[in-house]
Amino acid sequence: MVALTHERRTQALPFAVCLLLGAGLLAADRLSLLPRPTLLRAGFTLVGAAVALLLFVLSRGDRPARSRRVPPSLVTKAVLLLAGGGVVATALVGSRVLPFAVVLPLGLGVVALQLRADPAAPAILTQLSALFLAGRLGKYLTTGFYFGGTDTFAHVAAVDTLLRTRSTAAIPHGYDLYPVFHFLVGTVRHATGLRSYDALVLAGIALCTLVVPLSYLLGWSVFGSQRLGLTAALSVTVLEFFSYHALYFYPQALACLLVLVGIYVTSRLRYAADERGFRRLSVFVVALVATMVVTHHLTYVLFALVAAAAVPVALARPYLFDSPVPEVRRWFRYRWLFPGVVGAVLLLVYWSYSPSLITVGIVELSLGLLLDVATVPPQQLYTYGTALPVDSVARAVEWLLTPTGLYAAGLWAVLLLAGYELLDRPRAYQRGFTMAVTGLGLSVLLLPLPVPVPQLERLQFVVTLVAIFPLAVGLRRVLAVDRRYAVAAVVFVAALGGATAFTVLTADDVADIYIEEPREQVSMSGDQFRAVQTTAGFVGAYGDGPTATDRVTNRAFETARFNATAELDAAPSGLESDATYLVARERWTWNVVALGRGLRVGEQDTFAVSRARFSVADATRTKVYTTDHTRVYRSSDGFAGLYGENGTSL
């Protein structure tokens, strides 16, 4: 009777979640808490809850393994050919949208079918790694010089400087004290002869691809289940942050991968078979945390927040499973926690020697926002001769059908399924309960939020490291549907994995598959990048006054050892600057253009300019240098009203 009551309550929970979400969205609309288009976009939560309800009802907890009908080696060869064909097709047509819109869902669907049966771990890991690698190579082949959030420019320049000077002191932006990333990329460049950019990106692709087998080992170690290890590996292919940072590879991305290795080694410490094995792992983990300290300064503060969130779950776990009270203390033995303790000590000691300005700035801003003594200046968008789409109900509904909307709904559905599964069969996940619940609670931060949060993406990537645990549980439940409904599970996994490769984050260079307004530039063609470098060389050699330009162009100037020191501001009347020279680019008419360097007042402003106004300004301003992609204007009196109403309005 008790078991029947528990089952009924568990079955009723998904229905209750759907009703609560629907009622909450309706109440928020009635109370006008948020604009209606924003609430409609938040409707992905209701869609995901409905999908989770359907999959939960169609699945059962324990599924007997079925024998394999097709040899794993044959399936693996077919998936490898499929992935390789996608890369070749991308190179031939110059676009990855169509090839990988077919390859990734089809390949992941095949993997899902195998995971429903008696999967062969080497075959599954090979297939998942191939599909992940192919998707990243497709983006690499179609983006020219991809710089994402612009940090890539600085790190390419830093690697060039390191190899030229043979001195870490020459690495800029404070990374002379955290040089591991640049040593790694510099080593790859030296060994292969590649350009610094190619060495950086290919190193990121290779290391992030290795996360697939690493997640398998981690899932197996944490849960004690090979099948959950395989679904943990599958979760890597459906999380957009791994896909994004494989190409937007920078020190925090490397540090996060080292944290993932640290989590795995620490999990092995708990289950070391003998004292000799424990000592070997201990030596390795101490060396690892020492390396991590000089890799990236902020990542470990952020991961400390994740670890802090796990503490109450670990404390409550013994009581939930009727374990002896002394087990609470056993979880916090120094023998198992010493990697974190040693890492914290090393980090504090090193920070006392090398204070991190970016960490101090972010902490000050966060505390200021929490205590209501500081505000983030709102970003102003100025439009010169162009009109951006007005947000509407129709555009919000269309957003739900974009890859980003599908990804959000699918991710939310898997997380809900993980929660239902943990409530339905908690003892089946007793060994990995702490990591699964902690990851489940924090994974909400990976979903689209209705309000922007400064620097949230830094925390999101760290949260991704623990999100693989609840996703492993949720995907296991997805793949446990009754064989009569196997198609539903396979289509769901295929659609989620396919959408991951084309979200607004992972496909930020492909503007024509989205309905949103133009975004900031994230990549340059080879010709555009060379034009910026030659322009920097000209202004640096012949300029007799300060230079101003936009944020992307100025970051690109770093690769040519030049810096535009004058400010460029946007106002309703047009662009303004006291500089003698202003560098403009043709690409300004394609994208929203960012100004400034940080979070200070006025430095988040952006503008969009029409082709007509750009052409008028180009014809009326004094040009001292021009290429197919760049212009250098000169004015001894500075610039005012550029692209605005003072003589350039059309």
# chains A, B, ... in the order shown; residues from 1 in each chain; ligands from 1

$ residues_around --residues "Trp220 (chain A)" --least-positions-apart "2" --cutoff "12 Å" --atoms "only C-alpha atoms" --output "JSON, numbers by chain"
{"A": [121, 213, 214, 215, 216, 217, 218, 222, 223, 224, 225, 226, 227, 228, 229, 230, 231, 232, 233, 264, 267, 268, 271, 429, 431, 432, 468, 469, 472, 473]}

$ closest_atom_pairs --of "region 377-483 of chain A" --to "region 306-314 of chain A" --cutoff "9 Å" --atoms "only C-alpha atoms" --output "Markdown table"
| residue | atom | partner | partner_atom | distance |
| --- | --- | --- | --- | --- |
| A:Phe433 | CA | A:Val313 | CA | 8.4 |
| A:Thr434 | CA | A:Ala314 | CA | 5.6 |
| A:Met435 | CA | A:Ala310 | CA | 7.1 |
| A:Val437 | CA | A:Val313 | CA | 7.3 |
| A:Thr438 | CA | A:Ala310 | CA | 5.4 |
| A:Gly439 | CA | A:Ala310 | CA | 8.5 |
| A:Gly441 | CA | A:Ala309 | CA | 8.8 |
| A:Leu442 | CA | A:Val306 | CA | 7.8 |
| A:Val462 | CA | A:Val306 | CA | 7.9 |
| A:Val463 | CA | A:Val306 | CA | 7.0 |
| A:Val466 | CA | A:Val306 | CA | 8.3 |

$ atom_distance --atom1 "CA of Arg195 (chain A)" --atom2 "CA of Asp160 (chain A)"
9.0 Å

$ residues_around --residues "Val609 (chain A)" --least-positions-apart "5" --cutoff "7 Å" --atoms "only C-alpha atoms" --output "list of chain:residue names"
A:Thr383, A:Tyr384, A:Gly385, A:Thr386, A:Trp588, A:Thr589, A:Phe614

$ atom_distance --atom1 "CA of Ala203 (chain A)" --atom2 "CA of Val87 (chain A)"
17.9 Å

$ closest_residue --among "A:Phe100, A:Tyr485, A:Phe529, A:His173" --to "Arg116 (chain A)" --atoms "only C-alpha atoms"
A:Tyr485

$ residues_around --residues "Thr45 (chain A)" --least-positions-apart "4" --cutoff "7 Å" --atoms "only C-alpha atoms" --output "PDB file with C-alpha atoms, in the first residue's frame"
ATOM      1  CA  ALA A  49       7.178  20.213 -18.680  1.00  0.00           C
ATOM      2  CA  ALA A 409      12.551  23.293 -23.832  1.00  0.00           C
ATOM      3  CA  TRP A 412      14.299  21.750 -19.170  1.00  0.00           C
TER       4      TRP A 412
END

$ closest_residue --among "A:Val487, A:Leu446, A:Leu21, A:Ala418" --to "Gly474 (chain A)" --atoms "only C-alpha atoms"
A:Ala418

$ closest_residue --among "A:Thr142, A:Ser129, A:Ser282, A:Ser635" --to "Asp508 (chain A)" --atoms "only C-alpha atoms"
A:Thr142

$ closest_residue --among "A:Gly107, A:Gly419, A:Pro572, A:Pro14" --to "Gln380 (chain A)" --atoms "only C-alpha atoms"
A:Pro572

$ select_by_dssp --residues "region 20-249 of chain A" --states "helix (DSSP H, G or I)" --output "PyMOL selection string"
chain A and resi 20-30+36-41+44-58+72-93+97-116+121-142+151-165+168-170+175-177+180-192+196-209+211-223+226-237+240-247

$ select_by_dssp --residues "region 466-628 of chain A" --states "strand (DSSP E or B)" --output "tab-separated table (two decimals) with N, CA and C atoms, in the first residue's frame"
chain	number	residue	atom	x	y	z
A	481	VAL	N	11.94	4.40	-22.15
A	481	VAL	CA	10.53	4.31	-22.54
A	481	VAL	C	10.24	2.92	-23.08
A	520	GLU	N	26.06	41.32	-32.36
A	520	GLU	CA	27.44	41.78	-32.46
A	520	GLU	C	28.27	40.79	-33.26
A	523	SER	N	32.96	36.89	-35.77
A	523	SER	CA	33.99	36.27	-36.61
A	523	SER	C	34.34	37.21	-37.75
A	524	MET	N	35.52	37.02	-38.30
A	524	MET	CA	35.99	37.77	-39.47
A	524	MET	C	36.48	36.79	-40.52
A	547	THR	N	43.72	57.65	-31.88
A	547	THR	CA	42.81	56.93	-32.77
A	547	THR	C	41.66	56.35	-31.96
A	548	ALA	N	40.47	56.35	-32.55
A	548	ALA	CA	39.27	55.78	-31.93
A	548	ALA	C	38.65	54.76	-32.88
A	569	ASP	N	32.19	57.36	-28.54
A	569	ASP	CA	30.91	57.33	-27.83
A	569	ASP	C	29.75	57.44	-28.82
A	570	ALA	N	28.61	56.90	-28.41
A	570	ALA	CA	27.39	57.00	-29.21
A	570	ALA	C	26.41	57.92	-28.51
A	571	ALA	N	25.73	58.74	-29.29
A	571	ALA	CA	24.73	59.67	-28.77
A	571	ALA	C	23.57	59.72	-29.77
A	574	GLY	N	24.60	60.97	-33.10
A	574	GLY	CA	25.60	60.26	-33.88
A	574	GLY	C	26.81	59.89	-33.03
A	575	LEU	N	27.82	59.35	-33.68
A	575	LEU	CA	29.04	58.98	-32.98
A	575	LEU	C	29.88	60.21	-32.67
A	576	GLU	N	30.57	60.19	-31.52
A	576	GLU	CA	31.37	61.33	-31.10
A	576	GLU	C	32.72	60.85	-30.57
A	577	SER	N	33.78	61.61	-30.86
A	577	SER	CA	35.10	61.30	-30.36
A	577	SER	C	36.00	62.51	-30.50
A	581	TYR	N	41.98	60.41	-35.49
A	581	TYR	CA	41.65	59.39	-36.49
A	581	TYR	C	40.52	58.52	-35.98
A	582	LEU	N	39.68	58.09	-36.89
A	582	LEU	CA	38.60	57.17	-36.57
A	582	LEU	C	38.63	56.03	-37.59
A	583	VAL	N	38.73	54.81	-37.10
A	583	VAL	CA	38.76	53.64	-37.99
A	583	VAL	C	37.35	53.05	-38.04
A	584	ALA	N	36.79	53.01	-39.24
A	584	ALA	CA	35.45	52.44	-39.46
A	584	ALA	C	35.59	51.23	-40.37
A	585	ARG	N	34.62	50.32	-40.24
A	585	ARG	CA	34.66	49.11	-41.06
A	585	ARG	C	33.34	48.89	-41.77
A	592	VAL	N	25.29	44.79	-35.04
A	592	VAL	CA	25.24	45.74	-33.95
A	592	VAL	C	26.68	45.91	-33.46
A	593	VAL	N	27.13	47.16	-33.31
A	593	VAL	CA	28.53	47.46	-33.02
A	593	VAL	C	28.67	47.88	-31.57
A	594	ALA	N	29.58	47.21	-30.85
A	594	ALA	CA	29.79	47.50	-29.43
A	594	ALA	C	30.90	48.52	-29.26
A	606	THR	N	25.87	50.44	-27.68
A	606	THR	CA	26.03	49.84	-29.00
A	606	THR	C	25.29	50.72	-30.01
A	607	PHE	N	25.59	50.50	-31.29
A	607	PHE	CA	24.86	51.22	-32.33
A	607	PHE	C	24.71	50.34	-33.56
A	608	ALA	N	23.76	50.71	-34.39
A	608	ALA	CA	23.54	50.06	-35.69
A	608	ALA	C	23.39	51.16	-36.73
A	609	VAL	N	24.06	51.03	-37.85
A	609	VAL	CA	24.04	52.06	-38.87
A	609	VAL	C	23.62	51.45	-40.21
A	623	LYS	N	39.31	60.82	-45.95
A	623	LYS	CA	39.89	59.49	-45.78
A	623	LYS	C	41.39	59.56	-46.07
A	624	VAL	N	42.18	58.97	-45.18
A	624	VAL	CA	43.63	58.92	-45.39
A	624	VAL	C	44.10	57.50	-45.67
A	625	TYR	N	43.21	56.53	-45.52
A	625	TYR	CA	43.56	55.15	-45.79
A	625	TYR	C	42.27	54.38	-45.99
A	626	THR	N	42.27	53.47	-46.97
A	626	THR	CA	41.06	52.68	-47.22
A	626	THR	C	41.41	51.33	-47.81

$ closest_residue --among "A:Gly43, A:Leu260, A:Gln11, A:His155" --to "Phe183 (chain A)" --atoms "only C-alpha atoms"
A:His155

$ residues_around --residues "Glu398 (chain A)" --least-positions-apart "2" --cutoff "12 Å" --atoms "only C-alpha atoms" --output "MDAnalysis selection string"
chainID A and resid 37 40:41 43:44 391:396 400:406 513:516

$ residues_around --residues "Ala42 (chain A)" --least-positions-apart "4" --cutoff "9 Å" --atoms "only C-alpha atoms" --output "list in words"
Leu25, Pro37, Thr38, Leu46, Leu400, Pro448, Leu449 and Pro450 of chain A

$ atom_distance --atom1 "CA of Tyr140 (chain A)" --atom2 "CA of Gly526 (chain A)"
12.7 Å
